[in-house]
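See below for final.cif, which holds mmCIF, C-alpha atoms.
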```cif
data_protein
loop_
_atom_site.label_atom_id
_atom_site.label_comp_id
_atom_site.auth_asym_id
_atom_site.auth_seq_id
_atom_site.Cartn_x
_atom_site.Cartn_y
_atom_site.Cartn_z
CA MET F 24 23.67 -1.87 91.48
CA LYS F 25 26.42 0.71 90.87
CA ASP F 26 29.53 0.37 92.97
CA LEU F 27 29.58 3.53 95.07
CA SER F 28 32.84 2.72 96.74
CA ALA F 29 34.73 2.80 93.45
CA SER F 30 33.12 6.07 92.38
CA SER F 31 33.77 7.69 95.72
CA LYS F 32 37.39 6.54 95.56
CA HIS F 33 37.72 8.00 92.05
CA SER F 34 36.25 11.34 93.13
CA ARG F 35 38.52 11.38 96.17
CA ASN F 36 41.54 10.88 93.90
CA ASN F 37 40.37 13.71 91.65
CA SER F 38 40.11 16.06 94.58
CA VAL F 39 43.59 15.15 95.71
CA TYR F 40 45.08 15.15 92.22
CA PRO F 41 43.00 17.59 90.16
CA LYS F 42 43.26 17.49 86.41
CA LYS F 43 44.99 20.30 84.54
CA ARG F 44 42.46 22.84 83.41
CA PRO F 45 42.26 23.35 79.67
CA SER F 46 43.45 26.60 78.21
CA PRO F 47 40.64 29.19 77.82
CA HIS F 48 41.84 29.86 74.28
CA GLY F 49 41.53 26.21 73.29
CA VAL F 50 45.28 25.81 72.73
CA SER F 51 47.32 23.84 75.18
CA LYS F 52 50.78 25.13 76.03
CA ALA F 53 53.48 23.15 74.37
CA ARG F 54 56.68 22.12 76.03
CA LYS F 55 59.28 24.84 76.14
CA SER F 56 61.60 24.30 73.25
CA GLN F 57 65.23 25.32 73.10
CA SER F 58 65.89 28.57 71.26
CA PRO F 59 68.30 28.61 68.28
CA MET F 60 70.75 30.84 70.17
CA ASP F 61 70.88 28.43 73.10
CA TYR F 62 71.36 25.56 70.71
CA THR F 63 74.23 27.38 68.94
CA ALA F 64 75.90 28.22 72.24
CA ALA F 65 75.55 24.63 73.40
CA VAL F 66 77.08 23.31 70.17
CA ALA F 67 79.95 25.81 70.40
CA ALA F 68 80.60 24.85 74.01
CA ALA F 69 80.59 21.18 73.06
CA ARG F 70 83.01 21.74 70.18
CA ARG F 71 85.38 23.92 72.22
CA SER F 72 88.67 22.27 72.93
CA PRO F 73 89.75 21.77 76.54
CA ARG F 74 92.73 24.06 76.03
CA ALA F 75 90.58 26.92 74.69
CA ALA F 76 88.11 26.50 77.53
CA LYS F 77 90.91 26.62 80.08
CA VAL F 78 92.43 29.77 78.54
CA GLU F 79 89.05 31.50 78.54
CA GLN F 80 88.50 30.54 82.15
CA ILE F 81 91.90 31.95 83.14
CA LEU F 82 91.23 35.24 81.35
CA GLN F 83 87.82 35.55 82.98
CA ARG F 84 89.37 34.92 86.38
CA ARG F 85 92.01 37.59 85.77
CA ARG F 86 89.35 40.12 84.79
CA GLU F 87 87.39 39.37 87.93
CA VAL F 88 90.50 39.77 90.09
CA GLN F 89 91.33 43.09 88.44
CA PHE F 90 87.81 44.43 88.91
CA ALA F 91 87.82 43.28 92.54
CA ALA F 92 91.13 45.07 93.13
CA MET F 93 89.78 48.26 91.60
CA ARG F 94 86.67 48.05 93.76
CA ARG F 95 88.85 47.68 96.85
CA GLU F 96 90.73 50.78 95.77
CA GLY F 97 87.45 52.65 95.54
CA VAL F 98 87.53 53.04 91.76
CA LEU F 99 84.15 52.91 90.06
CA LEU F 100 84.14 52.34 86.31
CA GLU F 101 81.67 54.98 85.16
CA ASP F 102 82.90 55.24 81.60
CA GLU F 103 79.83 57.14 80.44
CA TYR F 104 80.34 59.95 82.97
CA ARG F 105 84.13 59.93 83.24
CA GLU F 106 84.69 63.22 81.40
CA GLU F 107 81.91 65.00 83.30
CA ILE F 108 83.33 63.77 86.60
CA ARG F 109 86.80 65.02 85.67
CA PHE F 110 85.43 68.41 84.68
CA TYR F 111 83.56 68.74 87.98
CA MET F 112 86.62 67.67 89.96
CA HIS F 113 88.74 70.32 88.20
CA GLU F 114 86.19 72.97 89.15
CA MET F 115 86.01 71.84 92.77
CA GLU F 116 89.77 71.69 93.29
CA ARG F 117 90.16 75.30 92.16
CA PHE F 118 87.34 76.38 94.45
CA THR F 119 88.65 74.55 97.54
CA MET F 120 92.32 75.57 97.62
CA GLY F 121 94.25 77.50 100.23
CA SER F 122 96.04 80.80 99.60
CA THR F 123 99.78 80.99 100.22
CA THR F 124 99.59 84.79 100.12
CA SER F 125 97.15 84.87 103.05
CA MET F 126 99.11 82.22 104.93
CA ASP F 127 102.27 84.33 104.61
CA GLN F 128 100.56 87.09 106.62
CA GLN F 129 100.13 84.99 109.77
CA PRO F 130 101.76 86.85 112.69
CA GLU F 131 103.03 83.80 114.62
CA ILE F 132 102.83 80.75 112.35
CA LYS F 133 105.77 80.36 109.96
CA TRP F 134 106.42 77.88 107.20
CA HIS F 135 109.21 76.08 109.04
CA MET F 136 106.56 74.97 111.60
CA ARG F 137 104.50 73.17 108.96
CA PRO F 138 106.70 70.00 108.72
CA CYS F 139 106.29 69.44 112.48
CA LEU F 140 102.49 69.56 112.26
CA VAL F 141 102.36 67.40 109.10
CA GLU F 142 104.63 64.77 110.66
CA PHE F 143 102.38 64.63 113.74
CA LEU F 144 99.28 64.25 111.55
CA VAL F 145 100.92 61.55 109.41
CA GLU F 146 101.75 59.55 112.54
CA LEU F 147 98.24 60.04 113.93
CA HIS F 148 96.72 59.07 110.58
CA PHE F 149 98.84 55.91 110.37
CA THR F 150 98.03 54.97 113.96
CA PHE F 151 94.28 55.00 113.39
CA ARG F 152 94.61 53.23 109.97
CA LEU F 153 92.60 55.88 108.17
CA ARG F 154 92.11 56.09 104.43
CA PRO F 155 94.72 57.96 102.33
CA GLU F 156 92.14 60.58 101.26
CA THR F 157 91.67 61.53 104.92
CA LEU F 158 95.24 62.82 105.26
CA TYR F 159 95.03 65.03 102.16
CA LEU F 160 91.61 66.38 103.14
CA THR F 161 93.00 67.14 106.62
CA LEU F 162 95.81 69.32 105.24
CA ASN F 163 93.41 71.00 102.82
CA ILE F 164 91.08 71.95 105.70
CA VAL F 165 94.06 73.28 107.69
CA ASP F 166 95.27 75.38 104.73
CA ARG F 167 91.83 76.85 104.08
CA TYR F 168 91.32 77.69 107.75
CA VAL F 169 94.75 79.28 108.14
CA SER F 170 94.11 81.29 104.94
CA ARG F 171 91.04 82.92 106.53
CA ARG F 172 91.73 83.07 110.29
CA ILE F 173 94.61 84.19 112.44
CA VAL F 174 95.98 81.15 114.26
CA TYR F 175 98.37 81.32 117.18
CA ILE F 176 101.13 78.83 117.84
CA LYS F 177 99.40 77.38 120.90
CA HIS F 178 96.32 76.53 118.78
CA TYR F 179 98.14 75.20 115.71
CA GLN F 180 98.10 71.55 116.85
CA LEU F 181 94.47 71.91 117.96
CA VAL F 182 93.49 73.09 114.45
CA GLY F 183 95.29 70.11 112.90
CA CYS F 184 93.60 67.57 115.18
CA ALA F 185 90.18 69.13 114.63
CA ALA F 186 90.74 69.00 110.86
CA LEU F 187 91.75 65.32 111.10
CA TRP F 188 88.63 64.62 113.15
CA ILE F 189 86.40 66.31 110.55
CA ALA F 190 88.11 64.57 107.60
CA ALA F 191 87.84 61.15 109.28
CA LYS F 192 84.11 61.65 109.83
CA PHE F 193 83.72 62.59 106.17
CA GLU F 194 85.92 59.91 104.54
CA ASP F 195 86.28 56.93 106.87
CA ALA F 196 84.07 54.33 108.44
CA LYS F 197 82.47 55.13 111.78
CA GLU F 198 84.47 52.56 113.77
CA ARG F 199 87.77 54.08 112.59
CA VAL F 200 87.01 57.69 113.53
CA PRO F 201 89.09 58.69 116.59
CA THR F 202 87.24 59.74 119.71
CA VAL F 203 87.74 62.98 121.60
CA GLN F 204 89.39 61.10 124.47
CA GLU F 205 91.94 59.59 122.07
CA LEU F 206 92.74 63.01 120.58
CA VAL F 207 93.25 64.42 124.07
CA HIS F 208 95.58 61.54 124.89
CA TYR F 209 97.75 61.96 121.79
CA CYS F 210 98.01 65.71 122.37
CA ARG F 211 99.44 65.03 125.83
CA GLU F 212 96.34 66.63 127.41
CA ALA F 213 97.37 70.05 126.15
CA TYR F 214 93.69 70.72 125.35
CA ASP F 215 90.52 69.52 127.04
CA GLU F 216 87.60 67.82 125.28
CA SER F 217 85.52 70.97 124.99
CA ALA F 218 88.33 72.67 123.04
CA PHE F 219 88.18 70.03 120.29
CA ILE F 220 84.40 70.30 120.01
CA GLN F 221 84.52 74.09 119.90
CA MET F 222 87.35 74.16 117.34
CA GLU F 223 85.50 71.65 115.15
CA GLY F 224 82.48 73.96 114.89
CA HIS F 225 84.66 76.99 114.26
CA VAL F 226 86.59 75.27 111.45
CA LEU F 227 83.41 74.06 109.75
CA ALA F 228 81.88 77.52 109.93
CA THR F 229 85.04 79.09 108.48
CA ILE F 230 85.22 76.77 105.46
CA GLN F 231 81.42 77.04 105.07
CA TRP F 232 80.95 73.29 105.50
CA THR F 233 82.55 72.63 102.12
CA LEU F 234 84.20 69.23 102.49
CA GLY F 235 83.91 67.86 98.94
CA HIS F 236 87.54 68.44 97.97
CA PRO F 237 89.04 66.21 95.21
CA THR F 238 92.27 65.10 96.84
CA ALA F 239 95.50 64.09 95.16
CA GLU F 240 94.79 60.49 96.16
CA ALA F 241 91.49 60.55 94.23
CA TRP F 242 93.27 61.94 91.15
CA LEU F 243 96.02 59.33 91.42
CA ARG F 244 93.49 56.51 91.43
CA LEU F 245 91.88 57.85 88.30
CA MET F 246 95.24 58.22 86.55
CA CYS F 247 96.42 54.74 87.56
CA CYS F 248 93.34 53.03 86.11
CA ALA F 249 92.96 54.76 82.74
CA PRO F 250 94.11 54.19 80.08
CA ILE F 251 96.33 51.44 81.55
CA MET F 252 96.59 49.87 84.98
CA GLU F 253 99.79 50.93 86.74
CA GLU F 254 101.82 48.44 88.72
CA PRO F 255 101.49 48.48 92.54
CA LYS F 256 105.10 49.59 92.99
CA VAL F 257 104.60 52.61 90.75
CA GLN F 258 101.49 53.56 92.71
CA HIS F 259 103.27 53.23 96.06
CA VAL F 260 106.23 55.33 94.94
CA ALA F 261 103.81 57.98 93.64
CA ARG F 262 101.97 58.01 97.00
CA PHE F 263 105.26 58.43 98.85
CA LEU F 264 106.17 61.39 96.63
CA MET F 265 102.72 62.93 97.05
CA GLU F 266 102.98 62.84 100.83
CA ILE F 267 106.36 64.57 100.59
CA THR F 268 104.62 67.50 98.90
CA LEU F 269 102.45 68.02 102.00
CA PHE F 270 105.45 69.21 104.01
CA TYR F 271 106.67 72.20 101.99
CA ARG F 272 105.36 75.56 100.87
CA GLU F 273 106.28 75.41 97.17
CA PHE F 274 103.71 72.67 96.57
CA VAL F 275 100.73 74.33 98.28
CA LYS F 276 99.94 76.58 95.31
CA TYR F 277 99.47 73.66 92.90
CA PRO F 278 96.10 71.90 92.48
CA PRO F 279 95.83 68.26 93.58
CA SER F 280 95.52 67.02 89.98
CA SER F 281 98.92 68.49 89.11
CA ILE F 282 100.44 67.10 92.31
CA ALA F 283 99.21 63.62 91.45
CA HIS F 284 100.30 63.92 87.81
CA GLY F 285 103.80 65.14 88.71
CA SER F 286 104.29 62.47 91.37
CA LEU F 287 103.12 59.74 89.00
CA THR F 288 105.42 61.02 86.25
CA LEU F 289 108.46 60.94 88.54
CA ALA F 290 107.43 57.54 89.91
CA ARG F 291 107.26 56.10 86.39
CA PHE F 292 110.72 57.43 85.65
CA LEU F 293 112.21 56.06 88.89
CA CYS F 294 110.69 52.62 88.25
CA GLY F 295 111.99 52.54 84.68
CA LYS F 296 108.59 52.81 83.03
CA GLY F 297 107.80 54.74 79.89
CA ARG F 298 106.81 58.38 80.20
CA HIS F 299 103.62 59.78 78.72
CA ILE F 300 105.32 62.84 77.28
CA PHE F 301 102.31 64.21 75.43
CA GLU F 302 100.23 64.19 78.65
CA GLU F 303 102.77 66.17 80.71
CA THR F 304 101.80 69.78 81.40
CA GLU F 305 103.93 72.71 82.52
CA GLU F 306 102.68 72.44 86.12
CA CYS F 307 103.43 68.73 86.09
CA LEU F 308 107.03 69.29 84.99
CA GLU F 309 107.49 72.08 87.56
CA ILE F 310 106.39 69.73 90.35
CA VAL F 311 108.73 67.02 89.03
CA GLU F 312 111.60 69.51 89.06
CA TYR F 313 110.82 70.67 92.61
CA LEU F 314 110.60 67.10 93.89
CA ASP F 315 113.73 66.00 92.07
CA SER F 316 115.85 68.92 93.31
CA ARG F 317 114.63 68.60 96.90
CA LEU F 318 115.25 64.85 97.01
CA ALA F 319 118.69 65.26 95.42
CA LYS F 320 119.78 67.93 97.94
CA HIS F 321 117.87 67.02 101.13
CA VAL F 322 117.09 63.33 100.87
CA ASN F 323 118.52 62.78 104.37
CA ASP F 324 116.21 65.47 105.81
CA LEU F 325 112.97 63.65 104.99
CA SER F 326 110.51 62.94 107.78
CA GLU F 327 111.50 59.82 109.69
CA THR F 328 107.85 58.98 110.28
CA LEU F 329 107.09 59.15 106.57
CA VAL F 330 110.16 57.11 105.59
CA LYS F 331 109.32 54.48 108.20
CA LYS F 332 105.70 54.31 107.00
CA TYR F 333 106.67 53.63 103.38
CA SER F 334 109.50 51.25 104.24
CA TYR F 335 107.11 48.37 104.89
CA ALA F 336 106.59 45.64 102.30
CA PHE F 337 102.92 46.60 102.18
CA TYR F 338 104.02 49.77 100.32
CA SER F 339 106.62 47.89 98.21
CA LYS F 340 109.37 49.55 100.30
CA ALA F 341 108.88 52.72 98.27
CA ALA F 342 110.78 54.97 100.68
CA THR F 343 113.84 52.69 100.69
CA PHE F 344 113.82 52.54 96.89
CA VAL F 345 113.59 56.33 96.43
CA VAL F 346 116.17 57.17 99.12
CA GLN F 347 118.71 54.71 97.71
CA TYR F 348 118.16 56.05 94.18
CA TYR F 349 119.01 59.62 95.18
CA LEU F 350 121.83 58.65 97.54
CA GLN F 351 123.49 57.00 94.53
CA GLY F 352 123.33 60.29 92.64
CA GLY F 353 120.35 59.56 90.42
CA ARG F 354 118.44 62.47 88.89
CA PHE F 355 115.41 62.98 86.70
CA VAL F 356 116.39 63.30 83.03
CA HIS F 357 114.37 65.64 80.85
CA GLN F 358 113.64 64.10 77.48
CA PRO F 359 113.10 66.70 74.76
CA LEU F 360 110.11 66.27 72.54
CA LEU F 361 110.81 64.72 69.17
CA PRO F 362 110.35 67.12 66.25
CA MET F 363 107.06 66.72 64.50
CA PRO F 364 107.19 65.67 60.83
CA VAL F 365 106.99 68.64 58.46
CA THR F 366 104.79 68.58 55.41
CA PRO F 367 107.02 68.71 52.31
CA VAL F 368 106.75 71.91 50.28
CA ARG F 369 106.40 71.70 46.54
CA SER F 370 109.49 72.93 44.77
CA SER F 371 108.96 75.46 42.00
CA ALA F 372 112.08 74.44 40.06
CA CYS F 373 111.25 70.86 39.16
CA ILE F 374 112.93 69.01 36.31
CA VAL F 375 109.78 68.09 34.41
CA GLY F 376 106.90 70.50 34.51
CA THR F 377 103.33 69.39 35.07
CA PRO F 378 101.20 69.65 31.92
CA MET F 379 99.06 72.73 32.27
CA SER F 380 96.12 74.10 30.40
CA ALA F 381 96.14 77.42 28.72
CA THR F 382 93.86 78.68 31.48
CA THR F 383 96.22 77.67 34.28
CA THR F 384 96.60 80.49 36.79
CA ALA F 385 98.95 81.20 39.65
CA SER F 386 96.47 79.80 42.15
CA ASP F 387 96.75 76.38 40.51
CA LEU F 388 100.49 76.27 41.24
CA SER F 389 100.09 77.11 44.93
CA ASP F 390 99.66 74.68 47.83
CA ASP F 391 96.13 75.84 48.56
CA MET F 392 93.03 73.77 48.06
CA PRO F 393 92.65 72.75 44.40
CA ILE F 394 89.96 74.32 42.27
CA THR F 395 87.22 72.39 40.54
CA PRO F 396 88.79 70.27 37.78
CA THR F 397 87.95 71.44 34.27
CA SER F 398 86.78 69.24 31.45
CA PRO F 399 88.55 68.95 28.08
CA SER F 400 87.68 71.40 25.39
CA PRO F 401 84.47 70.77 23.46
CA TYR F 402 86.55 71.27 20.31
CA PHE F 403 87.68 67.67 20.56
CA SER F 404 84.21 66.25 21.06
CA SER F 405 81.48 65.61 18.55
CA ASP F 406 78.79 65.74 21.25
CA PRO F 407 75.92 67.93 20.06
CA PHE F 408 75.08 68.80 23.70
CA SER F 409 78.28 70.82 23.95
CA SER F 410 77.18 73.22 21.18
CA SER F 411 76.31 76.86 21.43
CA GLY F 412 72.92 76.01 22.97
CA MET F 413 74.65 75.44 26.33
CA SER F 414 74.07 77.99 29.09
CA GLU F 415 76.70 80.46 30.22
CA SER F 416 77.11 78.76 33.63
CA ASP F 417 77.91 75.46 31.92
CA LYS F 418 80.46 77.07 29.66
CA GLU F 419 82.48 78.20 32.66
CA ASN F 420 83.50 74.64 33.38
CA PHE F 421 85.20 74.21 30.00
CA SER F 422 88.70 75.29 29.15
CA SER F 423 89.86 77.22 26.17
CA PRO F 424 89.62 75.53 22.76
CA LYS F 425 93.39 75.66 22.49
CA PHE F 426 95.05 72.87 24.49
CA GLU F 427 98.82 72.79 24.56
CA PRO F 428 100.81 70.83 27.16
CA VAL F 429 103.67 72.83 28.64
CA VAL F 430 106.76 70.68 29.11
CA ASN F 431 110.24 71.62 30.09
CA LYS F 432 112.12 72.03 26.82
CA GLN F 433 115.33 70.55 28.25
CA HIS F 434 113.82 67.07 28.58
CA ILE F 435 111.65 66.50 25.51
CA GLU F 436 111.49 62.89 24.50
CA ASN F 437 108.78 60.75 23.04
CA PRO F 438 107.93 57.83 25.32
CA PRO F 439 107.69 54.41 23.69
CA GLU F 440 104.24 53.30 22.68
CA GLN F 441 104.19 50.24 24.96
CA TYR F 442 104.72 52.38 28.09
CA LEU F 443 101.69 54.56 27.49
CA PRO F 444 98.47 53.94 29.46
CA HIS F 445 95.25 52.68 27.88
CA ASP F 446 93.88 54.23 24.73
CA PHE F 447 91.60 56.73 26.46
CA VAL F 448 94.48 58.85 27.78
CA THR F 449 95.49 60.57 24.53
CA PHE F 450 92.87 62.94 23.22
CA GLY F 451 93.82 62.50 19.56
CA ARG F 452 92.81 58.84 19.42
CA GLN F 453 89.71 57.65 17.69
CA ALA F 454 88.63 55.55 20.68
CA LEU F 455 88.03 58.68 22.73
CA HIS F 456 86.02 60.28 19.92
CA ASN F 457 83.80 57.23 19.78
CA LEU F 458 83.38 57.38 23.56
CA ASN F 459 82.35 61.03 23.48
CA VAL F 460 79.68 60.57 20.82
CA SER F 461 76.28 61.41 22.23
CA PRO F 462 73.57 58.76 22.48
CA ARG F 463 71.37 60.65 20.00
CA ALA F 464 74.10 60.68 17.40
CA MET F 465 74.64 56.94 17.83
CA VAL F 466 70.93 56.25 17.36
CA SER F 467 70.75 58.38 14.26
#
```

Could you write out this file's structure as structure tokens?
Amino acid sequence: MKDLSASSKHSRNNSVYPKKRPSPHGVSKARKSQSPMDYTAAVAAARRSPRAAKVEQILQRRREVQFAAMRREGVLLEDEYREEIRFYMHEMERFTMGSTTSMDQQPEIKWHMRPCLVEFLVELHFTFRLRPETLYLTLNIVDRYVSRRIVYIKHYQLVGCAALWIAAKFEDAKERVPTVQELVHYCREAYDESAFIQMEGHVLATIQWTLGHPTAEAWLRLMCCAPIMEEPKVQHVARFLMEITLFYREFVKYPPSSIAHGSLTLARFLCGKGRHIFEETEECLEIVEYLDSRLAKHVNDLSETLVKKYSYAFYSKAATFVVQYYLQGGRFVHQPLLPMPVTPVRSSACIVGTPMSATTTASDLSDDMPITPTSPSPYFSSDPFSSSGMSESDKENFSSPKFEPVVNKQHIENPPEQYLPHDFVTFGRQALHNLNVSPRAMVS
């Protein structure tokens, strides 16, 4: 009798551990083999010396640190769209600028009041730890509003705080945006909460809700990352110089890209770095001259809040470095451009004249583009294809039958035979005649 217990146990094992189903195509899948590329990489990694592996690891770590620092700075490496982004930013900065002519027509607000408002906004901006772009966007909103509306002295601080509130909402994180109660507190309760809300709506309506302004800080970050990465000290000095430009009228008319470029150029000079002379524009050099003259004459009149802000080690003590440089009598030195190399001009009175054909014209002696080179005269060739059966268009490429080199008569001397080139240079040699014989003549 068949043992049912064994068969039932076997079936129970099959249900628990089912067999692998065969492939429907009749071919079982083989074990995954290692590709040749993986094998080559594994061999290369095995043959790599410990020193080379350590150097590669260090370089990879440095690249990762640099990319992480650029991400923290808000720089995105869009190499494919970099030129298009720059072009769009140049268009936007021209479209979103204030007008000094309209601001000059304000009945109560004068330019000597601007440093007081900017110093208050710088202190408020530093207190709330807002992003650098927020400060520049705040002053841009103020300039555009004052260019289109009449603002009285009693509302000047209210406009500045409303602009800072709008810029912080646009640029910063939500937890860093100041509240209305905090703005009322810092304004010494000169305005109530409803005044800030009402002024915010009025400012946005006046500038037509256009907040996408490319600030000088955004331009500086682009310039400090391409083509080379600037040192932190150079960047901090440039930021200190850029914030100085917010205080005075002569810098309002310049676009943010020129402000950033001029500040970076002066910062490179102050830090002893090389200048990019061929990248400097006229506006850039004008801004450098304005900054240099103002710092040389009024370095002690700078904003105490701004100097204190950039005296911390976090900003590489940029303010202390710049103030000491100009207190010691340092100035920006203009370096003239080096003269470009001039293409040498061919002299007409040369000692030995160039051999010329009888058909040489005046155009051949000029510095213009050379004409099509002509072939030697068919008189010296025994090729039957160069006979009278040739077309008129082909005959134009041949020179006159008479060939006479023109040499300066003062220096006529026969060169030694051993200094001559190979035998095919002189037309009177038999080797050249043999070379010019047509294939048909050789067969016959």

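Picture a line from CA of Val346 in chain F to CA of Lys320 in chain F; it runs 11.4 Å.
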
Of F:Leu234, F:Ile251, F:Leu269, F:Leu181, the one nearest to Val145 in chain F when counting only C-alpha atoms is F:Leu269

Distance CA of Tyr104 in chain F-CA of Pro279 in chain F, one decimal place?
20.5 Å

Option closest in space to Thr304 in chain F, from F:Val322, F:Ile282, F:Val260, F:Ala228 [counting all atoms listed in the file]:
F:Ile282

Counting only C-alpha atoms, which of F:Val275, F:Val200, F:Val311, F:Leu140 gets nearest to His357 in chain F?
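Using only C-alpha atoms, the shortest distance to His357 in chain F belongs to F:Val311.
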
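From CA of Tyr179 in chain F back to CA of Arg317 in chain F, the distance works out to 25.9 Å.
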
Shell around range 185-194 of chain F at 10 Å using all atoms listed in the file, local window under 2 positions removed, as a PyMOL selection string:
chain F and resi 144+147-148+151+153-166+168+180-183+196-203+206+218-227+234-235

Closest of F:Ser72, F:Trp242, F:Phe344, F:His135 to Ile108 in chain F, counting all atoms listed in the file, is F:Trp242

Of the listed residues F:Thr268, F:Gln347, F:Ser339, F:Gln204, that which approaches Ser326 in chain F most closely, counting only C-alpha atoms:
F:Thr268

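When all atoms listed in the file are used to compute distances to Tyr111 in chain F, the closest of the residues F:Arg171, F:Pro237, F:Val78, F:Asp215 turns out to be F:Pro237.
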
Explicit residues for the PyMOL selection byres ((chain F and resi 113) around 12) (as a VMD selection string):
chain F and resid 106 to 112 114 to 120 236 to 239 241 to 242 278 to 281
